[in-house]
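Peer 1: Compact mmCIF, C-alpha atoms, saved as run_31.txt, coming up:
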```
# COMPACT_ATOMS: atom_id res chain seq x y z
CA MET D 1 110.52 126.56 111.40
CA LEU D 2 110.72 122.95 112.55
CA PRO D 3 113.31 120.61 111.12
CA ASN D 4 111.93 118.09 108.63
CA ASP D 5 111.94 115.07 111.00
CA GLU D 6 110.17 117.02 113.79
CA TYR D 7 107.68 118.46 111.28
CA GLY D 8 106.89 114.92 110.11
CA LEU D 9 106.47 113.69 113.67
CA VAL D 10 104.10 116.53 114.61
CA LYS D 11 102.08 115.86 111.47
CA LYS D 12 101.93 112.16 112.37
CA MET D 13 100.78 113.02 115.92
CA LYS D 14 98.00 115.24 114.54
CA LEU D 15 96.84 112.47 112.22
CA THR D 16 96.89 109.97 115.09
CA ARG D 17 94.87 112.38 117.20
CA TYR D 18 92.19 112.77 114.52
CA CYS D 19 91.98 108.98 114.11
CA PHE D 20 91.74 108.62 117.89
CA VAL D 21 88.82 111.05 118.08
CA LEU D 22 87.07 109.34 115.18
CA LEU D 23 87.49 105.95 116.84
CA LEU D 24 86.04 107.31 120.08
CA TYR D 25 82.96 108.65 118.36
CA LEU D 26 82.48 105.66 116.06
CA PRO D 27 80.75 103.37 118.61
CA MET D 28 78.48 106.23 119.64
CA VAL D 29 77.44 106.85 116.03
CA LEU D 30 76.96 103.14 115.37
CA SER D 31 74.98 102.65 118.56
CA ALA D 32 72.82 105.76 118.27
CA ASP D 33 69.68 103.63 118.76
CA GLU D 34 71.33 101.17 121.10
CA ALA D 35 71.52 100.89 124.83
CA GLN D 36 73.54 103.04 127.11
CA ARG D 37 75.03 101.10 129.97
CA TYR D 38 75.51 102.57 133.41
CA SER D 39 77.29 101.33 136.47
CA ASP D 40 76.30 102.43 139.95
CA PRO D 41 79.48 103.91 141.46
CA ASN D 42 78.52 102.66 144.95
CA THR D 43 77.41 99.12 144.22
CA GLY D 44 78.78 98.36 140.76
CA LEU D 45 75.31 97.17 139.74
CA LEU D 46 74.59 97.69 136.07
CA SER D 47 71.67 99.33 134.34
CA TRP D 48 70.74 99.92 130.74
CA GLN D 49 68.69 102.54 128.95
CA ILE D 50 67.28 102.33 125.45
CA ARG D 51 65.51 105.09 123.56
CA GLU D 52 63.41 104.08 120.59
CA PRO D 53 60.80 106.04 118.62
CA GLY D 54 58.16 106.93 121.23
CA PHE D 55 59.37 104.27 123.64
CA SER D 56 62.12 104.23 126.21
CA MET D 57 63.05 101.61 128.75
CA GLN D 58 65.44 101.35 131.66
CA LEU D 59 66.53 98.04 133.15
CA LEU D 60 68.34 97.89 136.48
CA GLN D 61 69.96 94.82 137.98
CA VAL D 62 68.29 93.75 141.22
CA LEU D 63 70.12 91.59 143.75
CA PRO D 64 68.34 88.41 144.90
CA ASP D 65 68.50 89.64 148.51
CA TYR D 66 66.77 92.88 147.52
CA VAL D 67 64.02 90.80 145.88
CA ARG D 68 63.69 88.73 149.06
CA ALA D 69 63.50 91.89 151.18
CA THR D 70 60.89 93.49 148.91
CA TYR D 71 58.49 90.55 149.10
CA SER D 72 59.17 89.63 152.72
CA ALA D 73 58.36 93.21 153.73
CA ARG D 74 54.98 92.84 151.99
CA GLY D 75 54.28 89.86 154.24
CA LEU D 76 54.40 87.26 151.46
CA PRO D 77 55.09 83.68 152.60
CA PRO D 78 58.71 82.43 152.37
CA ASP D 79 58.02 79.94 149.54
CA ILE D 80 56.65 82.72 147.34
CA VAL D 81 59.59 84.95 148.26
CA GLU D 82 62.12 82.23 147.42
CA ALA D 83 60.36 81.35 144.16
CA ILE D 84 60.81 84.87 142.80
CA ALA D 85 64.31 85.31 144.27
CA GLU D 86 65.40 82.36 142.11
CA TYR D 87 64.67 84.46 139.04
CA CYS D 88 66.93 87.03 137.45
CA VAL D 89 65.07 90.26 138.25
CA PHE D 90 65.41 93.69 136.70
CA GLY D 91 63.82 96.90 137.92
CA THR D 92 62.16 98.11 134.74
CA ILE D 93 60.80 101.50 133.73
CA VAL D 94 58.85 101.81 130.49
CA THR D 95 57.98 105.30 129.29
CA ASN D 96 55.87 106.79 126.52
CA ASP D 97 58.13 109.58 125.25
CA SER D 98 55.81 110.54 122.44
CA GLN D 99 52.67 112.60 122.07
CA GLN D 100 50.74 109.61 120.77
CA GLN D 101 49.27 106.49 122.29
CA LEU D 102 51.70 103.62 122.78
CA SER D 103 51.25 100.08 124.02
CA TYR D 104 53.35 97.06 124.90
CA ARG D 105 52.81 93.43 125.91
CA VAL D 106 55.46 91.69 127.99
CA ALA D 107 54.01 88.37 126.77
CA ASP D 108 55.39 89.26 123.32
CA TRP D 109 58.91 89.86 124.66
CA ARG D 110 61.58 87.19 124.54
CA TYR D 111 65.06 86.61 125.87
CA VAL D 112 67.77 84.83 123.94
CA THR D 113 70.41 82.84 125.82
CA PRO D 114 73.98 82.34 124.51
CA ASP D 115 73.00 78.91 123.13
CA GLY D 116 70.70 80.75 120.71
CA LYS D 117 67.50 79.51 122.34
CA THR D 118 64.56 81.91 122.73
CA HIS D 119 62.47 81.96 125.91
CA PRO D 120 59.39 83.89 127.08
CA LEU D 121 59.58 86.18 130.12
CA LYS D 122 57.44 85.28 133.10
CA THR D 123 54.67 87.88 133.09
CA LYS D 124 52.83 89.61 135.89
CA THR D 125 49.65 87.71 134.99
CA GLN D 126 51.51 84.43 135.46
CA TRP D 127 52.99 85.50 138.80
CA VAL D 128 49.68 86.85 140.10
CA SER D 129 47.88 83.66 139.07
CA GLU D 130 50.54 81.57 140.85
CA TRP D 131 50.24 83.69 144.01
CA LYS D 132 46.45 83.51 143.86
CA ASP D 133 46.65 79.71 143.74
CA GLN D 134 48.60 79.92 146.99
CA GLY D 135 45.97 82.16 148.55
CA VAL D 136 47.88 85.44 148.19
CA ALA D 137 46.10 88.37 146.58
CA PHE D 138 49.23 90.48 146.09
CA ARG D 139 49.30 91.90 142.55
CA TRP D 140 51.88 94.66 142.61
CA SER D 141 55.62 95.08 142.03
CA ILE D 142 55.86 93.18 138.69
CA LEU D 143 55.82 95.37 135.57
CA PRO D 144 52.24 95.42 134.23
CA ASP D 145 52.34 93.08 131.26
CA ASP D 146 49.87 94.76 129.00
CA GLN D 147 49.63 98.54 129.06
CA THR D 148 48.36 101.28 126.81
CA PHE D 149 50.12 104.52 127.56
CA GLU D 150 48.81 107.97 126.78
CA PRO D 151 51.35 110.80 126.37
CA GLY D 152 53.31 111.26 129.57
CA ASP D 153 52.43 107.85 130.98
CA TRP D 154 55.07 105.48 132.33
CA SER D 155 55.28 102.42 134.48
CA GLN D 156 57.76 100.82 136.81
CA GLY D 157 58.07 97.26 138.07
CA PHE D 158 60.13 94.08 138.03
CA THR D 159 60.72 91.97 134.95
CA THR D 160 61.71 88.37 135.55
CA VAL D 161 63.66 85.82 133.52
CA LEU D 162 64.52 82.32 134.68
CA LEU D 163 68.32 82.57 134.68
CA THR D 164 71.00 82.21 137.31
CA PRO D 165 72.86 85.20 138.79
CA GLY D 166 75.41 86.72 136.43
CA SER D 167 73.89 85.12 133.29
CA VAL D 168 74.18 87.06 130.06
CA PHE D 169 71.37 87.22 127.50
CA ASP D 170 69.74 89.38 124.85
CA LEU D 171 66.29 90.87 125.35
CA VAL D 172 63.94 91.18 122.39
CA TYR D 173 61.19 93.68 123.21
CA SER D 174 58.36 95.15 121.18
CA TRP D 175 55.87 97.97 121.40
CA ARG D 176 53.06 99.37 119.28
CA TYR D 177 53.29 102.98 118.25
CA ALA D 178 51.84 105.09 115.42
CA GLY D 179 49.88 102.12 114.11
CA GLU D 180 52.91 99.85 113.81
CA THR D 181 54.38 97.10 115.95
CA ARG D 182 58.09 97.74 116.41
CA GLU D 183 60.80 95.53 117.80
CA GLY D 184 64.17 96.16 119.38
CA LYS D 185 66.95 94.04 120.79
CA LEU D 186 69.04 94.80 123.83
CA GLU D 187 72.20 92.75 123.65
CA GLY D 188 74.45 91.63 126.45
CA LEU D 189 72.14 92.13 129.41
CA ARG D 190 73.62 90.62 132.53
CA CYS D 191 71.70 89.34 135.56
CA ALA D 192 72.72 90.76 138.92
CA PRO D 193 75.36 88.78 140.80
CA ALA D 194 74.24 86.51 143.65
CA ALA D 195 75.61 89.12 146.06
CA LEU D 196 77.75 92.23 145.99
CA PRO D 197 81.48 91.55 146.24
CA ASP D 198 83.11 92.67 149.47
CA ARG D 199 84.63 96.09 149.00
CA MET N 200 113.72 117.99 124.71
CA ARG N 201 111.14 119.78 122.63
CA LEU N 202 109.95 116.43 121.25
CA LEU N 203 109.58 115.04 124.78
CA ARG N 204 107.46 118.06 125.82
CA CYS N 205 105.45 117.60 122.69
CA ARG N 206 104.77 113.93 123.49
CA ILE N 207 103.75 114.71 127.09
CA ALA N 208 101.39 117.40 125.84
CA GLU N 209 99.99 114.93 123.33
CA ARG N 210 99.29 112.36 126.06
CA ARG N 211 97.46 115.02 128.09
CA ARG N 212 95.34 115.81 125.06
CA TYR N 213 94.33 112.14 124.77
CA VAL N 214 93.25 112.02 128.42
CA THR N 215 91.26 115.23 128.02
CA LEU N 216 89.65 113.87 124.89
CA LEU N 217 88.79 110.61 126.61
CA LEU N 218 87.09 112.43 129.48
CA GLY N 219 85.46 114.97 127.20
CA VAL N 220 83.97 112.36 124.92
CA LEU N 221 83.20 109.46 127.24
CA LEU N 222 81.84 111.28 130.27
CA PRO N 223 79.02 113.13 128.52
CA ALA N 224 78.11 109.95 126.68
CA GLY N 225 77.60 108.17 129.99
CA LEU N 226 79.90 105.36 128.98
CA LEU N 227 82.00 105.63 132.08
CA HIS N 228 80.72 104.81 135.56
CA ALA N 229 77.60 106.82 136.12
CA GLN N 230 74.19 106.38 137.62
CA LEU N 231 71.13 105.86 135.51
CA PRO N 232 69.11 109.07 135.35
CA VAL N 233 65.79 108.90 137.21
CA PRO N 234 62.85 109.72 134.89
CA GLU N 235 61.56 113.25 135.41
CA LEU N 236 58.04 113.70 136.70
CA ASN N 237 55.96 115.33 133.98
CA HIS N 238 52.60 117.03 134.48
CA GLN N 239 50.60 115.58 131.58
CA LEU N 240 47.11 114.35 132.42
CA THR N 241 45.09 112.55 129.76
CA GLN N 242 41.55 113.74 129.24
CA LEU N 243 39.21 110.84 128.61
CA ALA N 244 37.42 111.14 125.29
CA THR N 245 34.35 109.66 126.97
CA PRO N 246 34.14 110.25 130.71
CA VAL N 247 33.14 107.18 132.71
CA VAL N 248 31.25 107.02 135.99
CA ALA N 249 33.73 106.45 138.83
CA PRO N 250 33.06 103.20 140.68
CA ASN N 251 31.87 103.98 144.17
CA PHE N 252 33.82 102.76 147.17
CA THR N 253 33.95 103.03 150.92
CA LEU N 254 37.37 102.76 152.56
CA LYS N 255 38.81 103.56 155.94
CA ASP N 256 41.71 105.79 156.92
CA MET N 257 44.32 105.22 159.64
CA ASP N 258 41.83 106.23 162.34
CA GLU N 259 39.17 103.82 161.05
CA LYS N 260 37.13 106.74 159.70
CA SER N 261 35.12 105.74 156.62
CA TYR N 262 35.18 107.66 153.36
CA THR N 263 32.66 107.04 150.58
CA LEU N 264 33.36 108.45 147.15
CA SER N 265 29.71 109.24 146.37
CA ASP N 266 29.64 111.59 149.39
CA TYR N 267 31.89 113.88 147.35
CA ARG N 268 29.38 114.36 144.52
CA GLY N 269 29.45 118.08 143.63
CA LYS N 270 33.18 118.26 144.39
CA VAL N 271 36.26 117.61 142.29
CA VAL N 272 38.18 114.60 143.59
CA MET N 273 41.66 113.39 142.77
CA VAL N 274 42.02 109.68 143.53
CA ASN N 275 45.58 108.44 143.72
CA PHE N 276 46.55 104.75 143.96
CA TRP N 277 49.91 104.30 145.63
CA ALA N 278 52.18 102.34 147.97
CA THR N 279 55.15 103.31 150.13
CA TRP N 280 57.51 100.92 148.31
CA CYS N 281 56.75 102.55 144.95
CA PRO N 282 59.47 105.18 144.23
CA PRO N 283 57.44 107.40 141.86
CA CYS N 284 54.53 107.33 144.35
CA ARG N 285 56.86 108.75 146.99
CA ARG N 286 58.27 111.32 144.60
CA GLU N 287 54.89 112.73 143.58
CA LEU N 288 53.50 112.91 147.12
CA PRO N 289 54.85 116.43 147.95
CA SER N 290 53.37 117.87 144.75
CA MET N 291 50.00 116.35 145.60
CA ASP N 292 50.11 117.89 149.03
CA ALA N 293 51.00 121.32 147.60
CA LEU N 294 48.00 121.05 145.27
CA TYR N 295 45.75 119.94 148.11
CA GLN N 296 46.79 122.83 150.34
CA ASP N 297 45.92 125.32 147.58
CA PHE N 298 42.52 123.87 146.66
CA LYS N 299 41.22 122.12 149.78
CA ASP N 300 38.88 125.03 150.60
CA LYS N 301 37.47 125.12 147.06
CA SER N 302 35.36 121.95 146.75
CA PHE N 303 38.41 119.87 145.93
CA THR N 304 39.93 116.94 147.73
CA ILE N 305 42.48 114.19 147.25
CA LEU N 306 41.92 110.61 148.34
CA ALA N 307 45.20 108.68 148.34
CA ILE N 308 44.39 104.97 148.29
CA ASN N 309 47.20 102.81 149.57
CA GLN N 310 47.55 99.33 148.15
CA TRP N 311 48.08 96.22 150.24
CA GLU N 312 49.97 97.83 153.15
CA SER N 313 48.91 98.12 156.78
CA PRO N 314 48.03 101.43 158.48
CA ASP N 315 50.92 100.86 160.92
CA HIS N 316 53.40 100.50 158.08
CA VAL N 317 52.13 103.60 156.28
CA PHE N 318 52.01 105.60 159.51
CA ALA N 319 55.67 104.73 160.15
CA TYR N 320 56.54 105.83 156.62
CA MET N 321 54.62 109.09 156.95
CA GLY N 322 56.54 109.80 160.13
CA GLN N 323 59.73 110.02 158.07
CA LEU N 324 58.33 112.72 155.79
CA GLU N 325 59.05 116.40 156.36
CA VAL N 326 55.38 117.22 155.97
CA PHE N 327 52.57 114.81 156.82
CA PRO N 328 50.14 114.95 153.87
CA GLY N 329 46.94 116.81 154.75
CA PHE N 330 44.63 114.70 152.56
CA PRO N 331 43.07 111.39 153.65
CA ILE N 332 45.11 108.22 153.21
CA LEU N 333 42.77 105.28 152.70
CA PHE N 334 43.49 101.57 152.77
CA ASP N 335 42.59 99.16 149.99
CA ARG N 336 44.14 96.09 151.61
CA ASP N 337 42.97 93.58 149.01
CA SER N 338 43.29 95.97 146.03
CA ALA N 339 39.57 95.49 145.29
CA VAL N 340 38.99 99.21 144.68
CA SER N 341 42.03 99.63 142.43
CA GLN N 342 40.73 96.74 140.34
CA THR N 343 37.36 98.42 139.82
CA PHE N 344 39.27 101.46 138.50
CA GLY N 345 41.30 99.23 136.16
CA VAL N 346 44.60 100.17 137.78
CA LYS N 347 47.46 98.08 136.43
CA GLY N 348 50.47 99.84 137.90
CA LEU N 349 51.32 102.26 140.68
CA PRO N 350 50.99 105.15 140.88
CA THR N 351 47.83 105.77 138.90
CA THR N 352 45.78 108.91 139.40
CA VAL N 353 42.32 109.86 138.21
CA LEU N 354 40.47 113.16 138.38
CA ILE N 355 36.75 112.90 139.06
CA ASP N 356 34.45 115.78 138.14
CA LYS N 357 31.54 117.15 140.14
CA ARG N 358 29.21 114.68 138.44
CA GLY N 359 31.23 111.74 139.71
CA ARG N 360 32.83 110.92 136.35
CA VAL N 361 36.47 110.06 135.72
CA VAL N 362 37.57 112.80 133.33
CA TYR N 363 41.39 112.70 133.50
CA ARG N 364 43.86 109.92 134.11
CA ALA N 365 47.62 109.63 134.62
CA VAL N 366 49.67 106.43 134.77
CA GLY N 367 53.06 106.85 136.44
CA GLY N 368 54.42 109.58 138.70
CA ARG N 369 53.53 113.20 138.03
CA ASP N 370 54.37 116.67 139.23
CA PHE N 371 50.90 117.81 140.26
CA ASN N 372 52.18 121.11 141.56
CA HIS N 373 52.19 122.54 138.07
CA PRO N 374 50.24 125.50 136.59
CA GLU N 375 48.67 123.31 133.89
CA VAL N 376 47.31 120.88 136.48
CA ARG N 377 45.94 123.81 138.47
CA THR N 378 44.26 125.15 135.33
CA ILE N 379 42.55 121.79 134.78
CA ILE N 380 41.30 121.72 138.36
CA ARG N 381 40.06 125.31 138.16
CA LYS N 382 38.12 124.44 134.99
CA LEU N 383 36.58 121.40 136.64
CA LEU N 384 35.67 123.48 139.70
CA ALA N 385 34.13 126.17 137.52
CA ALA N 386 31.97 123.71 135.56
CA GLU N 387 28.31 123.94 136.38
CA VAL N 388 26.53 120.77 137.37
CA LYS N 389 23.02 120.52 135.99
CA PRO N 390 20.61 118.70 138.28
```
Show me the file's structure as structure tokens.

Peer 2:
Amino acid sequence: MLPNDEYGLVKKMKLTRYCFVLLLYLPMVLSADEAQRYSDPNTGLLSWQIREPGFSMQLLQVLPDYVRATYSARGLPPDIVEAIAEYCVFGTIVTNDSQQQLSYRVADWRYVTPDGKTHPLKTKTQWVSEWKDQGVAFRWSILPDDQTFEPGDWSQGFTTVLLTPGSVFDLVYSWRYAGETREGKLEGLRCAPAALPDR
Amino acid sequence: MRLLRCRIAERRRYVTLLLGVLLPAGLLHAQLPVPELNHQLTQLATPVVAPNFTLKDMDEKSYTLSDYRGKVVMVNFWATWCPPCRRELPSMDALYQDFKDKSFTILAINQWESPDHVFAYMGQLEVFPGFPILFDRDSAVSQTFGVKGLPTTVLIDKRGRVVYRAVGGRDFNHPEVRTIIRKLLAAEVKP
């Protein structure tokens, strides 16, 4: 038998423990449909994953130098390379997780900056048209901006927003699934830093 | 003394709980999981005639799609910089090795890159793919097939029609894919 004061303390500890566990699980319950954030243990670069009905998306920070390297290696002229490296770029994977047809249009997506203003993303069609005007027929690497996915289909490519390195914003995305257009919001996305910090 | 032990034990429990709850949830430092390659191919409700093309391989040898009429052809659009393209390559080669003597072939159509660049990339692979690698330097052929993203793969039947399509990386070395190819190979072509 424990003395009364020790018994009370143990009881208090148990109660604290239960509250602690509840508090730990609370954000997970509240954010069941929200993004999971990951951090690369080697680089510290962040990535996000959202899972919505039928639709999932991953966004990975891409460093400006990686963007430069990607386009330079394709032989694109330096002005084109620099133009895209000025953007905040995310490696993006969009997946049809369902057994039905699904579609999305990047032109319908928006990003919201901390001042509350809403902006359109720069789409693949816009980039390709710009490159074509400069005599370059390259049409890959940017996430296709208008896709209809059958079951099992998925796509990978860059998404681009005109923000400086390290900027924080919310992404409003939409997709069409089971006859309905649905919308989701990914809050607190952060552009990659200008460069990796020295480690 | 007993209270002190109790408090230390309590602290340990908190740490264990933190690790037990946060680690599986991926909220601590972790790498984003790479999407798995599935094996689903979509059968077209209405098959469409595959646009014909003539492209060259690394040795400047020409390949024309219509020459393969009467065979089953898998056409894969890819590039070396495309991660899912690289991931699905070994499964395509495994499929090719199993069916290459049975009126089946794979034509892997590279986008935009030079033969030298692709050759250097292939040199890094454990196994050099046995199927032809063709070069669509200006992406003209991929456009006729309506390819929006890489990789995209189509299966063409003996009549020269696109009958299956897959957008995104796949595991082609799968029994269900083999079953589809066997069915296409077994189909009779009426003159």

Peer 1: Taking only C-alpha atoms into account and nothing else, which residues of chain D lie no more than 6 Å away from chain N? Please answer as a PyMOL selection string.

Peer 2: chain D and resi 38-40+144+152-155

Peer 1: Write out as a PyMOL selection string which residues come within 9 Å of Gln58 of chain D when counting all atoms listed in the file, dropping same-chain ones fewer than 2 positions away.

Peer 2: (chain D and resi 47-51+56+60+91-95) or (chain N and resi 231)

Peer 1: Ala192 of chain D: which residues within 12 Å, counting all atoms listed in the file, same-chain residues fewer than 6 positions away excluded, as a ChimeraX atom specification?

Peer 2: /D:39,43-47,59-67,85-91,160-161,163-168

Peer 1: Using all atoms listed in the file, find all polymer residues with an atom at most 10 Å away from the point (55.6, 103.9, 115.8); report them as a list of chain:residue names.

Peer 2: D:Glu52, D:Pro53, D:Gly54, D:Phe55, D:Ser98, D:Gln100, D:Gln101, D:Leu102, D:Trp175, D:Arg176, D:Tyr177, D:Ala178, D:Gly179, D:Glu180, D:Thr181, D:Arg182

Peer 1: If you count all atoms listed in the file, which residues fall within 9 Å of Val136 of chain D, apart from same-chain ones fewer than 6 positions away, as a list in words?

Peer 2: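 Using all atoms listed in the file, the neighbours found are Leu76, Pro77, Val128 and Glu130 of chain D.
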
Peer 1: For Thr263 of chain N, which residue among N:Pro246, N:Thr343, N:Leu306, N:Ile379 is the nearest when counting all atoms listed in the file?

Peer 2: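 Of all the options, N:Leu306 lies closest to Thr263 of chain N.
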
Peer 1: What's the separation between atom CA of Phe138 of chain D and atom CA of Arg74 of chain D, in Å to one decimal place?

Peer 2: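 Those two atoms sit 8.6 Å apart.
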
Peer 1: Select, from D:Gly188, D:Arg139, D:Leu196, D:Leu162, the residue with the minimum atom-to-atom distance to Tyr71 of chain D, counting only C-alpha atoms.

Peer 2: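 Distance minimum relative to Tyr71 of chain D lands on D:Arg139.
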
Peer 1: Suppose you want the space between atom CA of Thr253 of chain N and atom CA of Leu294 of chain N; what is it in Å?

Peer 2: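 Distance reported for this atom pair: 23.5 Å.
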
Peer 1: Around all of segment 179-182 of chain D's listed atoms, make the axis-aligned box with 8 Å on each side and tell me centre and edge lengths in Å to one decimal, as lines of an AutoDock Vina configuration file.

Peer 2:
```
center_x = 54.0
center_y = 99.6
center_z = 115.1
size_x = 24.2
size_y = 21.0
size_z = 18.6
```

Peer 1: Write out as a PyMOL selection string the residues lying within 12 Å of segment 319-323 of chain N, counting all atoms listed in the file and excluding same-chain residues fewer than 3 positions away.

Peer 2: chain N and resi 257+278-280+285+288-289+312-316+326-329+332

Peer 1: Output the selection as a tab-separated table (two decimals), in the coordinates of the input - C-alpha atoms for each residue.

Peer 2:
```tsv
chain	number	residue	atom	x	y	z
N	257	MET	CA	44.32	105.22	159.64
N	278	ALA	CA	52.18	102.34	147.97
N	279	THR	CA	55.15	103.31	150.13
N	280	TRP	CA	57.51	100.92	148.31
N	285	ARG	CA	56.86	108.75	146.99
N	288	LEU	CA	53.50	112.91	147.12
N	289	PRO	CA	54.85	116.43	147.95
N	312	GLU	CA	49.97	97.83	153.15
N	313	SER	CA	48.91	98.12	156.78
N	314	PRO	CA	48.03	101.43	158.48
N	315	ASP	CA	50.92	100.86	160.92
N	316	HIS	CA	53.40	100.50	158.08
N	326	VAL	CA	55.38	117.22	155.97
N	327	PHE	CA	52.57	114.81	156.82
N	328	PRO	CA	50.14	114.95	153.87
N	329	GLY	CA	46.94	116.81	154.75
N	332	ILE	CA	45.11	108.22	153.21
```

Peer 1: At what distance in Å, to one decimal, does atom CA of Ser265 of chain N lie from atom CA of Ala244 of chain N?

Peer 2: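 These atoms are spaced 22.5 Å apart.
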
Peer 1: Any idea what's packed within 6 Å of Val106 of chain D, counting all atoms listed in the file, ignoring anything in its chain fewer than 2 positions away? Could you give it as number ranges by chain?

Peer 2: D: 108-109, 145

Peer 1: Considering all atoms listed in the file, can you say which of D:Ala194, D:Ala137, D:Leu186, D:Val172 comes closest to Ile80 of chain D?

Peer 2: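 Smallest separation from Ile80 of chain D among the options: D:Ala137.
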
Peer 1: Taking (58.1, 85.7, 125.3) as a centre in this file's frame and 8 Å as the limit, can you find every polymer residue with an atom that close, using only C-alpha atoms, and give them as a PDB file with C-alpha atoms, in the frame of the given file?

Peer 2:
```pdb
ATOM      1  CA  VAL D 106      55.460  91.690 127.990  1.00  0.00           C
ATOM      2  CA  ALA D 107      54.010  88.370 126.770  1.00  0.00           C
ATOM      3  CA  ASP D 108      55.390  89.260 123.320  1.00  0.00           C
ATOM      4  CA  TRP D 109      58.910  89.860 124.660  1.00  0.00           C
ATOM      5  CA  ARG D 110      61.580  87.190 124.540  1.00  0.00           C
ATOM      6  CA  TYR D 111      65.060  86.610 125.870  1.00  0.00           C
ATOM      7  CA  THR D 118      64.560  81.910 122.730  1.00  0.00           C
ATOM      8  CA  HIS D 119      62.470  81.960 125.910  1.00  0.00           C
ATOM      9  CA  PRO D 120      59.390  83.890 127.080  1.00  0.00           C
ATOM     10  CA  LEU D 121      59.580  86.180 130.120  1.00  0.00           C
ATOM     11  CA  LYS D 122      57.440  85.280 133.100  1.00  0.00           C
TER      12      LYS D 122
END
```
